[in-house]
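Reviewing the structure listed below.
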Amino acid sequence: MHALVERLYPLCRSITGDGVRRTLEIVGESVPLRIHEVPTGTEVLDWTVPREWNIRDAYIKDASGARVVDFAESNLHVVGYSVPVSATMSLEELRGHLHTLPDQPDLIPYRTSYYAETWGFCLRESTLAGLPEGDYEVRIDSTLADGHLTYGEHVVPGRVPDEVLVSCHVCHPSLANDNLAGIAVATRLARRLAESDPWYTYRFLFMPGTIGAITWLARNRERVGRVKHGLVLACAGDSGALTYKRSRRGDAEIDRVVRHVLRTSGRDHEIVDFSPYGYDERQFCSPGFDMPVGSLTRTPYAGYPEYHTSADNPDFVSPEAMTDTLETCWEITRVLERNHRYLNLSPYGEPQLGRRGLYGSLGGRSDTKQAQMAMLWVLNLSDGEHSLLDIAERSDLPFATVADAAQALRGAGLVKEKGK
Amino acid sequence: MHALVERLYPLCRSITGDGVRRTLEIVGESVPLRIHEVPTGTEVLDWTVPREWNIRDAYIKDASGARVVDFAESNLHVVGYSVPVSATMSLEELRGHLHTLPDQPDLIPYRTSYYAETWGFCLRESTLAGLPEGDYEVRIDSTLADGHLTYGEHVVPGRVPDEVLVSCHVCHPSLANDNLAGIAVATRLARRLAESDPWYTYRFLFMPGTIGAITWLARNRERVGRVKHGLVLACAGDSGALTYKRSRRGDAEIDRVVRHVLRTSGRDHEIVDFSPYGYDERQFCSPGFDMPVGSLTRTPYAGYPEYHTSADNPDFVSPEAMTDTLETCWEITRVLERNHRYLNLSPYGEPQLGRRGLYGSLGGRSDTKQAQMAMLWVLNLSDGEHSLLDIAERSDLPFATVADAAQALRGAGLVKEKGK
Amino acid sequence: MHALVERLYPLCRSITGDGVRRTLEIVGESVPLRIHEVPTGTEVLDWTVPREWNIRDAYIKDASGARVVDFAESNLHVVGYSVPVSATMSLEELRGHLHTLPDQPDLIPYRTSYYAETWGFCLRESTLAGLPEGDYEVRIDSTLADGHLTYGEHVVPGRVPDEVLVSCHVCHPSLANDNLAGIAVATRLARRLAESDPWYTYRFLFMPGTIGAITWLARNRERVGRVKHGLVLACAGDSGALTYKRSRRGDAEIDRVVRHVLRTSGRDHEIVDFSPYGYDERQFCSPGFDMPVGSLTRTPYAGYPEYHTSADNPDFVSPEAMTDTLETCWEITRVLERNHRYLNLSPYGEPQLGRRGLYGSLGGRSDTKQAQMAMLWVLNLSDGEHSLLDIAERSDLPFATVADAAQALRGAGLVKEKGK
């Protein structure tokens, strides 16, 4: 995953343009993507697909002709969606177009201006401080023209058309944790799921933030109802603890499943309530859609000093952290996949388990007692009201133990599946 | 307000009689009152309006003819509703009619006997201890005769007939906190509301405790359903922290609004559950009416040593405390007035706020970020289920910020009012 | 009660056989029992009544002919339901049939093997350690043959056919706390209830564990719906604190009543959630029946080191502990019996209690203030929704005070009973 992050890092992504296209091409080498190109001007919900932005070069040259700020060094140097400019102006005049981080003088900030026509440069405060008065040559070789908004979809087919959505944004330029790590984890998760013959159909969305999600929602209104669970993946690679942000519903199955996985895994973690800010859960959880979609990050949105600066580089994300995020996602799918409701077919008194060899069949395992308790719990609560997750939580047993017990009881004809 | 307390303090009030009439006259100088006179013998719910009690003079004279206990010094000296008496008797015989506070020997207690025909004097334990044996002349120049029960109403008309009730008792003689301070706060609140063009109609009741509330309820059964919120105001001027006692329902809007105001104001306060004891919330919250009426006091009913003694005098209440109670009441009405439900008219995805100048329109304010978050919260939760108070509580934002955001969004046509 | 424990202690009980019959005979001397004999092979729910087991003698003799393990010393020495055996074998061969407690070397364990044909002896680890190699004569003079399963029922008739079930298991041999103490408490409770002219019909079940409860349920399916509350009594005599295990429902009236009694009694106690393990609540609370039956023990199932060993002898249970359990059961029935719903017939405002002498009628009691508050609470909450237990819990008053207040108000015609 870290190699993918490093390979994607130099590309200049924005909400439209060739940086996104190239990113999706590279992701497509790992998992096949269906690429959508939506023309500028298309009305999507309350929004309109903007003009496409591309950039080739940009710099500020001092009197000596030296590039004191250079897009080639870092694509963060240019404010996203800057209109083209080619001019010479005094430092005084230029200042209105310069963005720095006075509190982090050696970092380049990340800034965009998608919907107001302007241009600007981002640079280190320390660079700015060293610029003498005088005239500077300023050039941004960009185009802002009718074109397309691009996003990619990858589907892992399941046994049922009910879907699990995994979404990550692909619109940030050279920022590693936000969100190349999320892209890398989603890609690897998709590959692992493809090998697992899943129950659910898994839909992976690689889209620009906000306008991408809005575009997808506008074009997939009929699909929304099929999405039973969803996760927005972002900031998946920093060294912080995992953070799960609940869906707007707060008690959706995905919310309960992620809580169970995080709690029983022993991982440090935090669970926070939904708020209408952050990543694309804002769109999925708008009141008209109100989808059961939560957001999984490590340190959350805007929660670390490297956030939206040049310090969010590949060194900031670790293979270990990305693996941990991936494993957590995988465990979440393990619970989602198996979280069925069963019906006890012998609900009057306990059935005689010994006669069916259900005690014996477990005798050789070291966790026999837990396995037996799990069987008793599954029998007791499989009244059609309780899911296996409900049973795991009420019994304080690991989900997998409960699911294994349900499988053994089903094998013995004592319970039948009643659906999700 | 303190001047009003001092002016009302010397009057000898009871549940009927000229003391109440004179009190309402004085209150009427500040806010116009409609005065109701309900004849003795009128059946009101389970009760009957009692005979009217008036008193001109009362004393105990010792052998030398000196008044050792004198109504002219304090009207607390006579047990409320004492029947007339004119007799000479030994101290021994007299003792059965004397009430003191052995633990507070320098204070006169307050006692009444509305529904059992008797008479008595209240005096300092220290006075009693100094009385020599011997005969005493005892005289109470009172009348207990058919007459009327008197109460006053003041209405601040609103834009809707739905009412907010503010009730305070006017039946206690020279006791400042209980309840002249409440009367003063209610009077001032009424005046301020009159200048505010309120949404709700506000009905202020100045009534004798228990029998007054019962009389009002008996005569206004059809109005009860119109009362959407209510507060019983008492003990509004002592130096203790504010105490809110919930309505019988416990989760009425008034309960939630007062809690929100107290919490977000940073004031020390206490919130206690309803109990069927205290002031007239007992009647408003009887199960047949079950009105959404809570009670706001500073130190609650019977909770301070000066309670129902001569130490509850004008020095015991402070202008600052009364102002604080008044401001709290005012803030409560501010939330009640604006606590509407809205409907997001663009509920699919976030609407594009920037295009509508809704970010810019707030740009000049220092609380821009809060204001933006408030807009996102209002949009996200305005599904017809959530009131602005719900949104303020869930978002942990001040109610006013949320209400301002709703107003801005309404101005932009993004939400519409859906009612209270 | 302790005398009964001592008298029952030596009998060799199992899930069938003469030990149970003799036990029920002795219990029957205190309370008349209806004895049921259910033939071997009868199908009961998912189970079949097993063959009847009886035993006359059993021993292991060493080479000298001395009995090194002797059934006559303790009936725990033989694994319950051991098939007959008469053989001579080496210690090596014998070991596979011997059960000890290595961690409690001086105690005999209790073991059974109802549904797998085998035989075995239980003995002290210290005894086993002292056995020299060599041949041993082994004999178990038991019979395992078609017969009956035996259980007893005692009914205390009430004014209504609705039932309260009290169940205790009678299948353990010489184990005092588990469950002779439970049998003793149930017997005494039944006698006390019989003298109390109860509202409910009380049904006491003295049955072998698991198969007995399953048999009773199979034969009383139509009666299950009549059982409004139930308690499984076990481990009723050890020195530990009382433990109540909730019914599967968790919020059944019995659950709330027991919690109230334990909390307000000031007794140390613990309340634990239902789990599908333990005593016959497992059967009563199987999902098909889901009866409102909890379990009352002192130290719970398997929670003390003497559990299922020869140390659970009559010295382990105390008269004081059994009396405390009995009193708790009695108090539980006191609340169950009186926990009615009432309807305030004068729900608009407070009724005038003074005129009806309801203040006076209580004036002589030291708990007058509580009694008055209880009347106000009963009036306020008797809207048909709240039971007296609800009122006691909301008012934080003792149940009996609330119930007495309801009775006084009913006497005055202010409330009427609305049913359980």
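A note on labels: chains of the structure tokens are A, B, ... as shown, every chain counts residues from 1, and ligands are counted from 1 in their shown order.
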
Interface list for chain B, partner chain C, 8 Å threshold, only C-alpha atoms, as an NGL selection string: :B and (45-47 or 115 or 214 or 217 or 275-277 or 282-289)

For C:Thr48: contacts at 10 Å, only C-alpha atoms, fewer than 4 positions along chain excluded, given as a compact mmCIF listing (two decimals) with N, CA and C atoms, in the first residue's frame:
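Dumped to part.txt:
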# COMPACT_ATOMS: atom_id res chain seq x y z
N GLN A 352 -32.13 -30.80 23.50
CA GLN A 352 -31.10 -31.64 24.12
C GLN A 352 -29.87 -31.67 23.21
N PRO C 39 -43.87 -41.77 33.28
CA PRO C 39 -43.14 -42.99 32.91
C PRO C 39 -41.91 -42.73 32.02
N THR C 40 -40.92 -43.55 32.22
CA THR C 40 -39.77 -43.61 31.33
C THR C 40 -40.24 -43.67 29.88
N GLY C 41 -39.57 -42.92 29.02
CA GLY C 41 -39.90 -42.97 27.60
C GLY C 41 -40.92 -41.92 27.18
N THR C 42 -41.55 -41.26 28.15
CA THR C 42 -42.51 -40.21 27.78
C THR C 42 -41.77 -39.10 27.07
N GLU C 43 -42.31 -38.64 25.93
CA GLU C 43 -41.66 -37.54 25.23
C GLU C 43 -42.09 -36.21 25.84
N VAL C 44 -41.14 -35.44 26.21
CA VAL C 44 -41.42 -34.15 26.84
C VAL C 44 -40.61 -33.09 26.09
N ILE C 211 -34.69 -31.77 33.34
CA ILE C 211 -35.70 -32.70 32.82
C ILE C 211 -37.03 -32.54 33.56
N ILE C 214 -38.63 -29.36 32.22
CA ILE C 214 -39.07 -29.63 30.86
C ILE C 214 -40.33 -30.50 30.87
N THR C 215 -40.35 -31.47 31.78
CA THR C 215 -41.53 -32.32 31.90
C THR C 215 -42.74 -31.50 32.34

Write out as a PDB file with N, CA and C atoms, in the first residue's frame which residues come within 10 Å of C:Leu336 when counting only C-alpha atoms, dropping same-chain ones fewer than 4 positions away.
ATOM      1  N   VAL C 164     -48.416 -17.211  40.658  1.00  0.00           N
ATOM      2  CA  VAL C 164     -46.995 -16.943  40.911  1.00  0.00           C
ATOM      3  C   VAL C 164     -46.336 -18.306  41.083  1.00  0.00           C
ATOM      4  N   TRP C 199     -53.924 -12.846  47.087  1.00  0.00           N
ATOM      5  CA  TRP C 199     -54.578 -12.435  45.839  1.00  0.00           C
ATOM      6  C   TRP C 199     -54.243 -13.431  44.729  1.00  0.00           C
ATOM      7  N   TYR C 200     -52.957 -13.685  44.565  1.00  0.00           N
ATOM      8  CA  TYR C 200     -52.525 -14.613  43.523  1.00  0.00           C
ATOM      9  C   TYR C 200     -52.632 -16.049  44.007  1.00  0.00           C
ATOM     10  N   LYS C 228     -47.994 -15.208  36.072  1.00  0.00           N
ATOM     11  CA  LYS C 228     -47.716 -13.782  35.912  1.00  0.00           C
ATOM     12  C   LYS C 228     -46.329 -13.414  36.435  1.00  0.00           C
ATOM     13  N   HIS C 229     -45.839 -14.197  37.366  1.00  0.00           N
ATOM     14  CA  HIS C 229     -44.539 -13.934  37.965  1.00  0.00           C
ATOM     15  C   HIS C 229     -43.969 -15.268  38.444  1.00  0.00           C
ATOM     16  N   GLU C 253     -42.419  -7.440  35.674  1.00  0.00           N
ATOM     17  CA  GLU C 253     -42.803  -6.902  36.971  1.00  0.00           C
ATOM     18  C   GLU C 253     -42.004  -7.574  38.094  1.00  0.00           C
ATOM     19  N   ILE C 254     -41.800  -8.879  37.991  1.00  0.00           N
ATOM     20  CA  ILE C 254     -41.030  -9.565  39.038  1.00  0.00           C
ATOM     21  C   ILE C 254     -39.620  -8.979  39.133  1.00  0.00           C
ATOM     22  N   VAL C 257     -39.993  -5.676  40.922  1.00  0.00           N
ATOM     23  CA  VAL C 257     -40.389  -5.852  42.330  1.00  0.00           C
ATOM     24  C   VAL C 257     -39.192  -6.324  43.158  1.00  0.00           C
ATOM     25  N   VAL C 258     -38.483  -7.310  42.659  1.00  0.00           N
ATOM     26  CA  VAL C 258     -37.351  -7.820  43.444  1.00  0.00           C
ATOM     27  C   VAL C 258     -36.295  -6.726  43.614  1.00  0.00           C
ATOM     28  N   TRP C 330     -40.857 -13.295  51.113  1.00  0.00           N
ATOM     29  CA  TRP C 330     -42.129 -12.843  51.678  1.00  0.00           C
ATOM     30  C   TRP C 330     -42.387 -11.371  51.293  1.00  0.00           C
ATOM     31  N   GLU C 331     -41.347 -10.540  51.419  1.00  0.00           N
ATOM     32  CA  GLU C 331     -41.513  -9.132  51.057  1.00  0.00           C
ATOM     33  C   GLU C 331     -41.810  -8.975  49.563  1.00  0.00           C
ATOM     34  N   ILE C 332     -41.201  -9.834  48.769  1.00  0.00           N
ATOM     35  CA  ILE C 332     -41.495  -9.799  47.327  1.00  0.00           C
ATOM     36  C   ILE C 332     -42.973 -10.088  47.095  1.00  0.00           C
ATOM     37  N   HIS C 340     -51.151  -2.770  42.567  1.00  0.00           N
ATOM     38  CA  HIS C 340     -52.257  -2.486  41.656  1.00  0.00           C
ATOM     39  C   HIS C 340     -52.061  -1.136  40.982  1.00  0.00           C
ATOM     40  N   LEU C 389     -46.012   0.390  42.314  1.00  0.00           N
ATOM     41  CA  LEU C 389     -44.554   0.246  42.290  1.00  0.00           C
ATOM     42  C   LEU C 389     -43.919   1.383  41.495  1.00  0.00           C
ATOM     43  N   LYS C 420     -54.481  -4.916  38.031  1.00  0.00           N
ATOM     44  CA  LYS C 420     -53.042  -5.128  38.185  1.00  0.00           C
ATOM     45  C   LYS C 420     -52.316  -4.434  37.054  1.00  0.00           C
TER      46      LYS C 420
END

For a quick check: superposing chain B on chain C using all C-alpha atoms in order, what RMSD comes out?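 It comes to 0.1 Å after superposition.
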
Between A:Val138, A:Val156, A:Leu165, A:Leu76, which has the minimum distance to A:Cys122 (counting only C-alpha atoms)?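 Using only C-alpha atoms, A:Cys122 sits closest to A:Leu76.
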
Which one is closest to C:Ala129: C:Ala241, C:Leu4, C:Ala87, C:Leu101? Count only C-alpha atoms. C:Leu101

Near B:Gly130, within 12 Å and counting only C-alpha atoms, which residues show up once chain neighbours fewer than 3 positions away are dropped, as a list of chain:residue names? B:Asp62, B:Val68, B:Val69, B:Leu91, B:Pro105, B:Leu123, B:Arg124, B:Glu125, B:Ser126, B:Thr127, B:Glu133

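Ranking A:Leu189, A:Ala321, A:Ala218, A:Leu242 by their shortest atom-to-atom distance to A:Val38, with only C-alpha atoms included, puts A:Ala218 first.
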
Which of stretch 127-342 of chain B end up as helix (DSSP H, G or I) when DSSP is run on this backbone - answer as a tab-separated table (two decimals) with N, CA and C atoms, in the first residue's frame?
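Output contents, as saved in part-v7.tsv:
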chain	number	residue	atom	x	y	z
B	127	THR	N	-39.40	36.33	73.07
B	127	THR	CA	-40.49	37.11	73.69
B	127	THR	C	-41.27	36.23	74.65
B	128	LEU	N	-41.62	35.06	74.17
B	128	LEU	CA	-42.42	34.15	75.01
B	128	LEU	C	-41.69	33.82	76.30
B	129	ALA	N	-40.39	33.60	76.17
B	129	ALA	CA	-39.60	33.24	77.36
B	129	ALA	C	-39.62	34.35	78.41
B	176	ALA	N	-40.84	38.46	51.93
B	176	ALA	CA	-40.33	39.16	50.75
B	176	ALA	C	-39.97	38.20	49.61
B	177	ASN	N	-39.22	37.16	49.95
B	177	ASN	CA	-38.80	36.23	48.90
B	177	ASN	C	-39.96	35.34	48.47
B	178	ASP	N	-40.84	35.11	49.40
B	178	ASP	CA	-41.97	34.18	49.21
B	178	ASP	C	-43.28	34.93	49.43
B	179	ASN	N	-43.69	35.81	48.50
B	179	ASN	CA	-43.37	35.73	47.11
B	179	ASN	C	-43.37	37.11	46.46
B	180	LEU	N	-42.99	38.16	47.24
B	180	LEU	CA	-43.00	39.49	46.62
B	180	LEU	C	-41.97	39.58	45.50
B	181	ALA	N	-40.85	38.88	45.67
B	181	ALA	CA	-39.84	38.89	44.62
B	181	ALA	C	-40.39	38.27	43.33
B	182	GLY	N	-41.14	37.18	43.49
B	182	GLY	CA	-41.76	36.55	42.32
B	182	GLY	C	-42.74	37.49	41.63
B	183	ILE	N	-43.52	38.21	42.43
B	183	ILE	CA	-44.47	39.17	41.87
B	183	ILE	C	-43.72	40.26	41.09
B	184	ALA	N	-42.63	40.74	41.69
B	184	ALA	CA	-41.87	41.81	41.05
B	184	ALA	C	-41.26	41.34	39.73
B	185	VAL	N	-40.69	40.15	39.72
B	185	VAL	CA	-40.08	39.63	38.49
B	185	VAL	C	-41.14	39.43	37.42
B	186	ALA	N	-42.28	38.86	37.80
B	186	ALA	CA	-43.35	38.61	36.83
B	186	ALA	C	-43.83	39.94	36.23
B	187	THR	N	-43.96	40.95	37.06
B	187	THR	CA	-44.43	42.26	36.59
B	187	THR	C	-43.48	42.84	35.55
B	188	ARG	N	-42.20	42.77	35.87
B	188	ARG	CA	-41.20	43.33	34.96
B	188	ARG	C	-41.11	42.51	33.67
B	189	LEU	N	-41.22	41.20	33.80
B	189	LEU	CA	-41.18	40.33	32.62
B	189	LEU	C	-42.35	40.66	31.68
B	190	ALA	N	-43.51	40.88	32.27
B	190	ALA	CA	-44.69	41.20	31.46
B	190	ALA	C	-44.46	42.48	30.68
B	191	ARG	N	-43.87	43.47	31.34
B	191	ARG	CA	-43.62	44.74	30.64
B	191	ARG	C	-42.63	44.57	29.50
B	192	ARG	N	-41.61	43.78	29.75
B	192	ARG	CA	-40.62	43.62	28.69
B	192	ARG	C	-41.20	42.84	27.51
B	193	LEU	N	-42.00	41.84	27.81
B	193	LEU	CA	-42.62	41.06	26.73
B	193	LEU	C	-43.54	41.93	25.88
B	194	ALA	N	-44.24	42.86	26.56
B	194	ALA	CA	-45.19	43.71	25.83
B	194	ALA	C	-44.49	44.53	24.76
B	211	ILE	N	-55.96	27.60	46.47
B	211	ILE	CA	-57.36	27.89	46.17
B	211	ILE	C	-57.47	28.85	44.98
B	212	GLY	N	-56.48	29.72	44.81
B	212	GLY	CA	-56.52	30.63	43.67
B	212	GLY	C	-56.30	29.87	42.37
B	213	ALA	N	-55.30	29.01	42.35
B	213	ALA	CA	-55.02	28.23	41.14
B	213	ALA	C	-56.19	27.31	40.83
B	214	ILE	N	-56.76	26.73	41.90
B	214	ILE	CA	-57.91	25.84	41.69
B	214	ILE	C	-59.10	26.63	41.13
B	215	THR	N	-59.30	27.83	41.64
B	215	THR	CA	-60.39	28.68	41.14
B	215	THR	C	-60.15	29.03	39.67
B	216	TRP	N	-58.92	29.43	39.36
B	216	TRP	CA	-58.62	29.78	37.97
B	216	TRP	C	-58.85	28.59	37.05
B	217	LEU	N	-58.37	27.42	37.47
B	217	LEU	CA	-58.52	26.22	36.64
B	217	LEU	C	-59.99	25.88	36.45
B	218	ALA	N	-60.77	26.02	37.52
B	218	ALA	CA	-62.20	25.70	37.43
B	218	ALA	C	-62.90	26.62	36.43
B	219	ARG	N	-62.46	27.88	36.37
B	219	ARG	CA	-63.11	28.85	35.50
B	219	ARG	C	-62.49	28.92	34.12
B	221	ARG	N	-61.30	25.97	32.21
B	221	ARG	CA	-61.01	24.61	31.73
B	221	ARG	C	-60.74	24.59	30.23
B	222	GLU	N	-61.49	25.38	29.50
B	222	GLU	CA	-61.37	25.35	28.04
B	222	GLU	C	-60.04	26.00	27.61
B	223	ARG	N	-59.45	26.79	28.50
B	223	ARG	CA	-58.22	27.47	28.14
B	223	ARG	C	-56.98	26.60	28.36
B	224	VAL	N	-57.14	25.60	29.20
B	224	VAL	CA	-55.98	24.78	29.59
B	224	VAL	C	-55.24	24.22	28.38
B	253	GLU	N	-41.57	20.69	26.46
B	253	GLU	CA	-40.67	21.64	25.81
B	253	GLU	C	-40.14	22.65	26.83
B	254	ILE	N	-41.01	23.11	27.73
B	254	ILE	CA	-40.54	24.08	28.74
B	254	ILE	C	-39.41	23.47	29.58
B	255	ASP	N	-39.51	22.20	29.87
B	255	ASP	CA	-38.46	21.54	30.66
B	255	ASP	C	-37.14	21.56	29.89
B	256	ARG	N	-37.21	21.28	28.62
B	256	ARG	CA	-35.99	21.23	27.82
B	256	ARG	C	-35.44	22.62	27.57
B	257	VAL	N	-36.34	23.57	27.39
B	257	VAL	CA	-35.89	24.94	27.13
B	257	VAL	C	-35.19	25.50	28.37
B	258	VAL	N	-35.79	25.32	29.53
B	258	VAL	CA	-35.17	25.88	30.74
B	258	VAL	C	-33.82	25.21	30.99
B	259	ARG	N	-33.77	23.92	30.81
B	259	ARG	CA	-32.49	23.23	30.99
B	259	ARG	C	-31.43	23.80	30.05
B	260	HIS	N	-31.82	23.99	28.79
B	260	HIS	CA	-30.87	24.53	27.81
B	260	HIS	C	-30.39	25.92	28.23
B	261	VAL	N	-31.33	26.76	28.63
B	261	VAL	CA	-30.96	28.13	29.01
B	261	VAL	C	-30.03	28.11	30.23
B	262	LEU	N	-30.38	27.30	31.21
B	262	LEU	CA	-29.54	27.27	32.42
B	262	LEU	C	-28.16	26.70	32.11
B	263	ARG	N	-28.13	25.65	31.33
B	263	ARG	CA	-26.83	25.04	31.00
B	263	ARG	C	-25.94	25.97	30.20
B	264	THR	N	-26.51	26.56	29.17
B	264	THR	CA	-25.66	27.33	28.27
B	264	THR	C	-25.35	28.71	28.82
B	265	SER	N	-26.10	29.12	29.85
B	265	SER	CA	-25.83	30.45	30.41
B	265	SER	C	-24.62	30.45	31.32
B	281	GLU	N	-47.67	24.59	40.81
B	281	GLU	CA	-47.45	23.50	39.85
B	281	GLU	C	-48.18	22.23	40.31
B	282	ARG	N	-48.42	22.10	41.61
B	282	ARG	CA	-49.21	20.97	42.13
B	282	ARG	C	-50.57	20.90	41.45
B	283	GLN	N	-51.18	22.07	41.25
B	283	GLN	CA	-52.53	22.09	40.65
B	283	GLN	C	-52.44	21.98	39.13
B	284	PHE	N	-51.54	22.76	38.54
B	284	PHE	CA	-51.43	22.74	37.08
B	284	PHE	C	-51.02	21.34	36.60
B	314	PRO	N	-37.39	42.36	53.24
B	314	PRO	CA	-36.79	42.94	52.02
B	314	PRO	C	-35.27	42.89	51.98
B	315	ASP	N	-34.61	42.85	53.15
B	315	ASP	CA	-33.15	42.73	53.13
B	315	ASP	C	-32.70	41.37	52.60
B	316	PHE	N	-33.60	40.41	52.70
B	316	PHE	CA	-33.22	39.04	52.31
B	316	PHE	C	-33.19	38.89	50.79
B	319	PRO	N	-31.60	43.15	44.60
B	319	PRO	CA	-31.88	43.56	43.22
B	319	PRO	C	-31.13	42.68	42.22
B	320	GLU	N	-29.89	42.30	42.54
B	320	GLU	CA	-29.09	41.50	41.61
B	320	GLU	C	-29.75	40.14	41.36
B	321	ALA	N	-30.18	39.53	42.44
B	321	ALA	CA	-30.78	38.21	42.29
B	321	ALA	C	-32.08	38.30	41.49
B	322	MET	N	-32.89	39.31	41.77
B	322	MET	CA	-34.14	39.45	41.02
B	322	MET	C	-33.86	39.72	39.54
B	323	THR	N	-32.85	40.53	39.28
B	323	THR	CA	-32.48	40.80	37.89
B	323	THR	C	-32.02	39.52	37.20
B	324	ASP	N	-31.26	38.72	37.93
B	324	ASP	CA	-30.79	37.46	37.35
B	324	ASP	C	-31.97	36.53	37.04
B	325	THR	N	-32.93	36.48	37.95
B	325	THR	CA	-34.12	35.65	37.69
B	325	THR	C	-34.88	36.19	36.49
B	326	LEU	N	-35.03	37.51	36.45
B	326	LEU	CA	-35.74	38.12	35.32
B	326	LEU	C	-35.04	37.83	33.99
B	327	GLU	N	-33.71	37.98	33.97
B	327	GLU	CA	-32.97	37.72	32.73
B	327	GLU	C	-33.13	36.27	32.30
B	328	THR	N	-33.12	35.38	33.27
B	328	THR	CA	-33.29	33.97	32.94
B	328	THR	C	-34.67	33.74	32.32
B	329	CYS	N	-35.69	34.32	32.94
B	329	CYS	CA	-37.04	34.19	32.39
B	329	CYS	C	-37.09	34.74	30.97
B	330	TRP	N	-36.45	35.87	30.78
B	330	TRP	CA	-36.43	36.49	29.46
B	330	TRP	C	-35.76	35.58	28.44
B	331	GLU	N	-34.62	35.01	28.82
B	331	GLU	CA	-33.92	34.11	27.91
B	331	GLU	C	-34.77	32.87	27.59
B	332	ILE	N	-35.50	32.42	28.58
B	332	ILE	CA	-36.40	31.28	28.36
B	332	ILE	C	-37.44	31.66	27.30
B	333	THR	N	-37.99	32.86	27.42
B	333	THR	CA	-38.99	33.25	26.40
B	333	THR	C	-38.33	33.41	25.03
B	334	ARG	N	-37.05	33.84	25.02
B	334	ARG	CA	-36.37	33.98	23.72
B	334	ARG	C	-36.29	32.64	23.02
B	335	VAL	N	-36.02	31.59	23.76
B	335	VAL	CA	-35.94	30.27	23.13
B	335	VAL	C	-37.33	29.76	22.78
B	336	LEU	N	-38.28	29.90	23.69
B	336	LEU	CA	-39.65	29.46	23.38
B	336	LEU	C	-40.16	30.12	22.11
B	337	GLU	N	-39.92	31.40	22.00
B	337	GLU	CA	-40.44	32.17	20.86
B	337	GLU	C	-39.90	31.68	19.52
B	338	ARG	N	-38.63	31.32	19.50
B	338	ARG	CA	-37.96	31.00	18.23
B	338	ARG	C	-37.85	29.50	17.97

Just to confirm, what's the straight-line distance from atom CA of A:Leu24 to atom CA of A:Met207 in Å (one decimal)?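 These atoms are spaced 9.3 Å apart.
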